[in-house]
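So this one's input13.cif, mmCIF, C-alpha atoms and all ligand atoms:
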```cif
data_final
#
loop_
_atom_site.label_atom_id
_atom_site.label_comp_id
_atom_site.auth_asym_id
_atom_site.auth_seq_id
_atom_site.Cartn_x
_atom_site.Cartn_y
_atom_site.Cartn_z
CA MET A 1 -11.55 28.26 -12.67
CA ASN A 2 -9.02 28.97 -9.89
CA ILE A 3 -7.36 26.15 -7.92
CA LEU A 4 -9.83 26.38 -5.02
CA ASP A 5 -12.77 26.01 -7.43
CA LYS A 6 -11.07 22.95 -8.96
CA ILE A 7 -10.43 21.38 -5.55
CA ILE A 8 -14.04 21.93 -4.47
CA ALA A 9 -15.46 20.55 -7.73
CA ARG A 10 -13.40 17.36 -7.28
CA LYS A 11 -14.29 17.20 -3.57
CA LYS A 12 -18.02 17.09 -4.42
CA GLU A 13 -17.39 13.97 -6.53
CA GLU A 14 -15.27 12.36 -3.80
CA VAL A 15 -17.88 12.98 -1.11
CA ALA A 16 -20.64 11.52 -3.29
CA SER A 17 -18.55 8.41 -3.87
CA ALA A 18 -17.62 8.09 -0.14
CA LYS A 19 -21.32 8.31 0.80
CA ALA A 20 -22.13 5.52 -1.64
CA LYS A 21 -19.45 3.30 -0.06
CA LYS A 22 -20.08 3.89 3.66
CA THR A 23 -23.23 5.03 5.46
CA ILE A 24 -23.23 7.47 8.37
CA ALA A 25 -24.34 4.62 10.64
CA GLU A 26 -21.24 2.66 9.59
CA LEU A 27 -19.00 5.65 10.32
CA GLU A 28 -20.64 6.05 13.73
CA SER A 29 -19.95 2.43 14.61
CA SER A 30 -16.17 2.81 14.10
CA PHE A 31 -13.80 2.36 17.04
CA SER A 32 -12.68 6.02 17.00
CA PHE A 33 -16.20 7.25 17.60
CA GLU A 34 -15.87 6.18 21.24
CA ARG A 35 -12.57 7.87 22.00
CA GLN A 36 -12.26 11.02 24.09
CA THR A 37 -10.95 13.79 21.81
CA TYR A 38 -8.22 16.31 22.66
CA ALA A 39 -9.27 19.99 22.71
CA LEU A 40 -7.12 22.21 20.48
CA LYS A 41 -7.52 25.20 22.83
CA ASP A 42 -6.03 23.26 25.77
CA PHE A 43 -2.94 22.31 23.81
CA LEU A 44 -2.43 25.74 22.22
CA THR A 45 -2.43 27.37 25.67
CA ASP A 46 -0.23 24.71 27.32
CA PRO A 47 3.05 26.55 28.13
CA SER A 48 5.04 23.32 27.83
CA LYS A 49 4.21 23.18 24.10
CA THR A 50 5.41 25.39 21.23
CA GLY A 51 2.09 26.57 19.75
CA ILE A 52 3.09 24.96 16.46
CA ILE A 53 0.58 22.89 14.52
CA ALA A 54 2.99 20.82 12.46
CA GLU A 55 1.79 19.53 9.11
CA PHE A 56 2.44 16.26 7.28
CA LYS A 57 2.34 17.48 3.66
CA ARG A 58 3.75 15.45 0.74
CA LYS A 59 2.66 17.70 -2.09
CA SER A 60 0.80 20.96 -2.68
CA PRO A 61 -0.73 22.73 -5.66
CA SER A 62 1.65 25.67 -5.20
CA LYS A 63 4.92 23.72 -4.71
CA GLY A 64 4.38 20.29 -6.34
CA ILE A 65 6.11 17.40 -4.56
CA ILE A 66 7.63 18.60 -1.27
CA ASN A 67 8.58 15.21 0.18
CA ASP A 68 6.99 11.87 -0.67
CA LYS A 69 9.69 9.68 0.89
CA LEU A 70 8.82 9.70 4.59
CA SER A 71 6.33 7.78 6.69
CA VAL A 72 3.55 9.61 8.47
CA GLN A 73 4.36 7.78 11.73
CA GLU A 74 8.02 8.85 11.66
CA VAL A 75 7.25 12.48 10.80
CA THR A 76 4.34 13.03 13.20
CA THR A 77 6.02 11.39 16.20
CA GLY A 78 9.09 13.53 15.44
CA TYR A 79 6.88 16.64 15.49
CA ALA A 80 5.25 15.60 18.77
CA ALA A 81 8.68 15.00 20.35
CA ALA A 82 9.75 18.48 19.17
CA GLY A 83 6.86 20.05 21.13
CA ALA A 84 4.07 20.37 18.58
CA SER A 85 0.80 21.55 20.14
CA ALA A 86 -1.11 19.68 17.44
CA LEU A 87 -0.60 17.83 14.15
CA SER A 88 -2.14 18.58 10.78
CA VAL A 89 -2.58 15.61 8.45
CA LEU A 90 -3.76 16.14 4.88
CA THR A 91 -6.37 13.65 3.71
CA ASP A 92 -6.95 15.14 0.24
CA ARG A 93 -5.58 12.70 -2.33
CA ASP A 94 -5.65 14.38 -5.72
CA PHE A 95 -4.09 17.75 -4.90
CA PHE A 96 -1.96 16.99 -1.80
CA MET A 97 -1.15 13.26 -2.06
CA GLY A 98 -2.77 12.71 1.32
CA HIS A 99 -4.92 9.80 2.44
CA ASP A 100 -7.44 8.92 5.14
CA ASP A 101 -5.03 6.12 6.13
CA ASP A 102 -2.40 8.75 7.00
CA LEU A 103 -4.71 10.16 9.65
CA ILE A 104 -5.57 6.70 11.00
CA ALA A 105 -1.83 5.89 11.20
CA ALA A 106 -0.95 9.20 12.90
CA ARG A 107 -3.75 8.71 15.44
CA LYS A 108 -2.37 5.31 16.50
CA VAL A 109 1.03 6.71 17.50
CA ASN A 110 0.28 10.22 18.86
CA GLU A 111 -1.43 11.66 21.92
CA ILE A 112 -1.91 15.27 20.88
CA PRO A 113 -4.75 16.81 18.81
CA ILE A 114 -4.85 15.98 15.10
CA LEU A 115 -6.39 18.25 12.48
CA ARG A 116 -8.05 16.56 9.52
CA LYS A 117 -6.68 18.91 6.86
CA ASP A 118 -9.12 18.73 4.00
CA PHE A 119 -11.74 20.79 2.20
CA MET A 120 -14.96 20.29 4.16
CA ILE A 121 -18.10 20.88 2.13
CA ASP A 122 -20.54 18.36 3.64
CA GLU A 123 -21.60 17.22 7.13
CA TYR A 124 -20.62 13.69 6.09
CA GLN A 125 -16.93 14.69 6.15
CA ILE A 126 -17.20 15.98 9.73
CA ILE A 127 -18.58 12.62 10.88
CA GLU A 128 -15.92 10.88 8.80
CA ALA A 129 -13.22 13.00 10.50
CA LYS A 130 -14.36 11.75 13.89
CA ALA A 131 -14.40 8.14 12.61
CA LEU A 132 -10.81 8.51 11.31
CA GLY A 133 -9.59 9.64 14.74
CA ALA A 134 -9.32 13.41 14.20
CA ASP A 135 -9.79 15.99 16.97
CA ILE A 136 -10.05 19.12 14.82
CA VAL A 137 -11.77 20.02 11.56
CA LEU A 138 -10.89 22.89 9.26
CA LEU A 139 -13.61 25.10 7.79
CA ILE A 140 -12.41 27.40 5.00
CA ALA A 141 -14.56 30.53 4.79
CA ALA A 142 -13.69 31.08 1.12
CA CYS A 143 -15.64 27.97 0.11
CA LEU A 144 -18.54 27.90 2.61
CA THR A 145 -21.61 30.01 3.40
CA PRO A 146 -22.08 31.46 6.92
CA ALA A 147 -24.95 28.97 7.45
CA GLU A 148 -22.74 26.04 6.43
CA ILE A 149 -19.95 27.20 8.74
CA ARG A 150 -22.35 27.49 11.67
CA GLY A 151 -24.00 24.13 10.96
CA PHE A 152 -20.71 22.25 10.46
CA ALA A 153 -19.13 23.81 13.58
CA LYS A 154 -22.22 22.97 15.65
CA LEU A 155 -22.09 19.36 14.45
CA ALA A 156 -18.34 19.18 15.15
CA LYS A 157 -18.88 20.45 18.71
CA SER A 158 -21.60 17.86 19.30
CA LEU A 159 -19.03 15.18 18.33
CA GLY A 160 -16.35 16.61 20.64
CA LEU A 161 -14.30 18.01 17.74
CA SER A 162 -12.66 21.46 17.77
CA THR A 163 -13.24 23.72 14.78
CA LEU A 164 -10.55 25.83 13.16
CA LEU A 165 -12.09 28.51 10.94
CA GLU A 166 -9.75 29.71 8.20
CA VAL A 167 -10.11 33.20 6.75
CA HIS A 168 -8.04 35.30 4.41
CA ASN A 169 -9.58 38.76 4.76
CA LYS A 170 -11.86 40.99 6.86
CA GLU A 171 -14.98 40.24 4.84
CA GLU A 172 -14.60 36.46 5.33
CA LEU A 173 -13.96 36.97 9.05
CA ASN A 174 -16.96 39.23 9.63
CA ARG A 175 -19.45 37.00 7.87
CA SER A 176 -18.20 33.71 9.35
CA LEU A 177 -17.96 34.15 13.13
CA ASN A 178 -20.29 32.11 15.35
CA PRO A 179 -20.14 30.75 18.92
CA TYR A 180 -19.41 27.14 17.86
CA LEU A 181 -15.93 28.01 16.54
CA ASP A 182 -12.86 27.44 18.72
CA VAL A 183 -9.89 28.93 16.90
CA ILE A 184 -9.54 31.41 14.02
CA GLY A 185 -6.75 30.82 11.52
CA ILE A 186 -5.51 33.53 9.19
CA ASN A 187 -4.06 31.97 6.06
CA ASN A 188 -1.11 33.96 4.74
CA ARG A 189 -1.50 32.12 1.42
CA ASN A 190 -4.17 33.35 -0.95
CA LEU A 191 -5.69 30.03 -2.04
CA LYS A 192 -6.85 31.48 -5.33
CA ASP A 193 -3.54 32.81 -6.67
CA PHE A 194 -0.93 31.34 -4.20
CA THR A 195 0.58 34.70 -3.25
CA VAL A 196 1.83 34.72 0.38
CA SER A 197 2.24 37.53 2.90
CA ILE A 198 2.60 37.47 6.70
CA GLU A 199 1.02 40.95 6.59
CA THR A 200 -2.32 39.18 6.08
CA SER A 201 -2.09 37.79 9.64
CA LEU A 202 -0.75 41.01 11.11
CA SER A 203 -3.44 43.18 9.55
CA LEU A 204 -6.32 40.98 10.79
CA ALA A 205 -4.95 40.18 14.27
CA GLU A 206 -6.62 43.10 16.03
CA ILE A 207 -10.10 42.58 14.66
CA ILE A 208 -10.45 38.96 15.77
CA PRO A 209 -12.71 39.03 18.85
CA LYS A 210 -10.84 38.27 22.10
CA GLU A 211 -12.88 35.13 22.88
CA PHE A 212 -11.20 33.24 20.03
CA LEU A 213 -7.64 31.95 20.02
CA LYS A 214 -5.85 32.88 16.82
CA ILE A 215 -3.30 31.14 14.67
CA SER A 216 -1.29 32.18 11.64
CA GLU A 217 -1.07 29.70 8.76
CA SER A 218 1.35 29.15 5.85
CA ALA A 219 4.65 30.53 4.61
CA ILE A 220 6.25 30.61 8.07
CA SER A 221 9.94 29.75 7.72
CA ASN A 222 11.90 31.63 10.37
CA ILE A 223 11.85 32.31 14.06
CA GLU A 224 11.71 36.09 13.66
CA THR A 225 8.31 35.69 12.01
CA ILE A 226 7.09 33.64 14.99
CA LYS A 227 8.29 36.36 17.37
CA THR A 228 6.52 39.05 15.36
CA LEU A 229 3.31 37.02 15.24
CA LYS A 230 3.46 36.31 18.99
CA LYS A 231 3.80 40.05 19.67
CA ALA A 232 0.69 40.59 17.55
CA GLY A 233 -1.19 38.16 19.82
CA PHE A 234 -1.08 34.89 17.86
CA ASN A 235 -1.35 31.72 19.97
CA GLY A 236 -0.41 29.25 17.26
CA PHE A 237 1.39 28.73 13.95
CA LEU A 238 0.55 26.20 11.24
CA ILE A 239 3.76 25.11 9.52
CA GLY A 240 4.19 22.50 6.78
CA GLU A 241 6.67 23.00 3.96
CA ASN A 242 9.47 24.50 6.06
CA PHE A 243 9.82 21.18 7.95
CA MET A 244 8.63 18.76 5.25
CA LYS A 245 11.21 19.92 2.69
CA THR A 246 13.96 18.42 4.88
CA ASP A 247 15.03 14.76 5.25
CA ASN A 248 14.02 14.79 8.91
CA PRO A 249 11.07 17.13 9.63
CA GLY A 250 11.00 16.31 13.37
CA LYS A 251 14.69 17.21 13.70
CA ALA A 252 14.15 20.37 11.63
CA MET A 253 11.37 21.40 14.01
CA THR A 254 13.54 20.64 17.07
CA GLU A 255 16.23 22.98 15.70
CA PHE A 256 13.66 25.62 14.71
CA VAL A 257 12.01 25.83 18.14
CA LYS A 258 15.34 26.33 19.94
CA GLY A 259 15.02 29.97 18.88
CA ILE A 260 11.55 30.51 20.40
O1 LIG B 1 -0.24 24.86 0.03
C1 LIG B 1 -0.86 25.07 -1.02
O2 LIG B 1 -0.31 25.17 -2.14
C2 LIG B 1 -2.36 25.18 -1.04
C3 LIG B 1 -3.02 25.39 -2.23
C4 LIG B 1 -4.42 25.45 -2.26
C5 LIG B 1 -5.15 25.32 -1.12
C6 LIG B 1 -4.48 25.10 0.10
C7 LIG B 1 -3.11 25.05 0.15
N1 LIG B 1 -2.43 24.84 1.33
C8 LIG B 1 -3.06 24.52 2.55
C9 LIG B 1 -2.44 25.17 3.71
O3 LIG B 1 -3.14 25.90 4.36
C10 LIG B 1 -1.03 24.86 4.09
O4 LIG B 1 -0.76 23.51 3.81
C11 LIG B 1 -0.66 25.11 5.55
O5 LIG B 1 -1.09 26.34 6.00
C12 LIG B 1 0.87 25.00 5.71
O6 LIG B 1 1.48 25.92 4.84
P1 LIG B 1 3.06 25.89 4.58
O7 LIG B 1 3.76 26.02 5.90
O8 LIG B 1 3.32 27.06 3.69
O9 LIG B 1 3.36 24.59 3.93
#
```
Here is a file; write its structure as C-alpha cells.
Amino acid sequence: MNILDKIIARKKEEVASAKAKKTIAELESSFSFERQTYALKDFLTDPSKTGIIAEFKRKSPSKGIINDKLSVQEVTTGYAAAGASALSVLTDRDFFMGHDDDLIAARKVNEIPILRKDFMIDEYQIIEAKALGADIVLLIAACLTPAEIRGFAKLAKSLGLSTLLEVHNKEELNRSLNPYLDVIGINNRNLKDFTVSIETSLSLAEIIPKEFLKISESAISNIETIKTLKKAGFNGFLIGENFMKTDNPGKAMTEFVKGI
C-alpha cells in the first residue's frame, strides 16, 4: 500500500464516523452556510496579490513535523498581510496534524479565500467544507473517478465553492476535466513515492485548456522557480513547507515576495 492508499483508507473511516456524529441537515444549518464565499479565480487574477496560495502545514508524510509551535491565526494573518491570494488549511488529522478547528479559526480572522486541504472522497466532505467556512475544495484526480470529480465539483459550485482539481500527469488531466472546475493544479510532488520535480508543472502547462487558470503545487522554494512558472503561464503557486519551516512564516513570505 502506498501512502495515498493509506490516507484514503483512513479517510473512509473518518467520513463514516463524521456522518454518524452530524447529519447533512445539521451541517446545512451552521452559521457559515449563509456566508458569501470568495471566488478563487478573482483573487488569483487580482494584480494587487501575489498569486501565492500559502499553506498552514504542521506535519507531512514526506517531511514529518515541519512546525507544530505556531497558531493558525498568527500564521494565516501573516500570509494575508504578505499578499497571499488565498490560504490553504489542512484539516487531515492523522497524516498532517491538521484539524477542522484550524479552518474555523482561520476563517474568523481572514478575508481572502480559504482552501480546505484534505482528501475528498465523499459529497459529505464538500458540504462539511462549506459549513467550516471554506471557499475552495481540492479534488485529487489520483484518488477519484471522472464521475466523482464531476459530481463533487458540480455540488461545490451549487454551494458557491471553487474547485481546485489536482493532477500529476497527462492521463489524470485528460480524464478529469469538466466544466464545473475552476482551477487546475499540477502537483510537483508524486503523492505515491514523494519524489518532486518542477518539470511536472512545466511539461503539463501547455496542455491545460485555456479556459482554466493553472497553479503549480509543492516543492517551490525560490523566486527563480516562480519566475520560470509565470513564464510558462502559471497564475498561482501553492507553497507550504518553505514558509512553515521558519519561526515566522508570514515574515518569510514577505521577504520571499520582494523578489517577484
Ligand atoms: O506533503 C506531503 O508529504 C504529502 C504527502 C502525501 C499527500 C500529500 C502531500 N502534500 C500535500 C500537498 O500538496 C502540499 O502540502 C502542498 O502542495 C504544499 O507543498 P510544499 O510547499 O512542498 O509544502
Problem - Shortest interatomic distance to Leu161 (chain A) - which of A:His99, A:Lys59, A:Arg116, A:Lys227, counting only C-alpha atoms - result: A:Arg116
Exercise for the section: Tell me, as number ranges by chain, which residues lie within 7 Å of Thr254 (chain A), counting only C-alpha atoms; anything in the same chain fewer than 4 positions away does not count. Expected result: A: 82, 250, 258
Practice task
Measure the distance from CA of Ile226 (chain A) to CA of Ser162 (chain A) in Å and round it to one decimal.
Solution key: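 These atoms are spaced 23.4 Å apart.
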Problem - Nearest candidate to ligand LIG 1 (chain B) (options A:Ser62, A:Asn190, A:Asn169, A:Thr195; using all atoms listed in the file) - result: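 The answer is A:Ser62, which sits nearest to ligand LIG 1 (chain B).
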Fill in the blank from the handout: re CA of Gln36 (chain A) and CA of Val72 (chain A): distance 22.3 Å
Exercise for the section: Please work out which residues fall within 10 Å of (8.6, 33.5, 22.0), coordinates as given in the file, with all atoms listed in the file counting, and return them as a ChimeraX atom specification. Expected result: /A:50-51,223-224,226-231,257,259-260
Exercise for the section: Can you pull out every residue within 7 Å of Ala86 (chain A), counting all atoms listed in the file, but drop anything in the same chain fewer than 3 positions away, and send it as a list in words? Expected result: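 In the requested form, the answer reads Ile52, Ile53, Ala54, Ile112, Pro113 and Ile114 of chain A.
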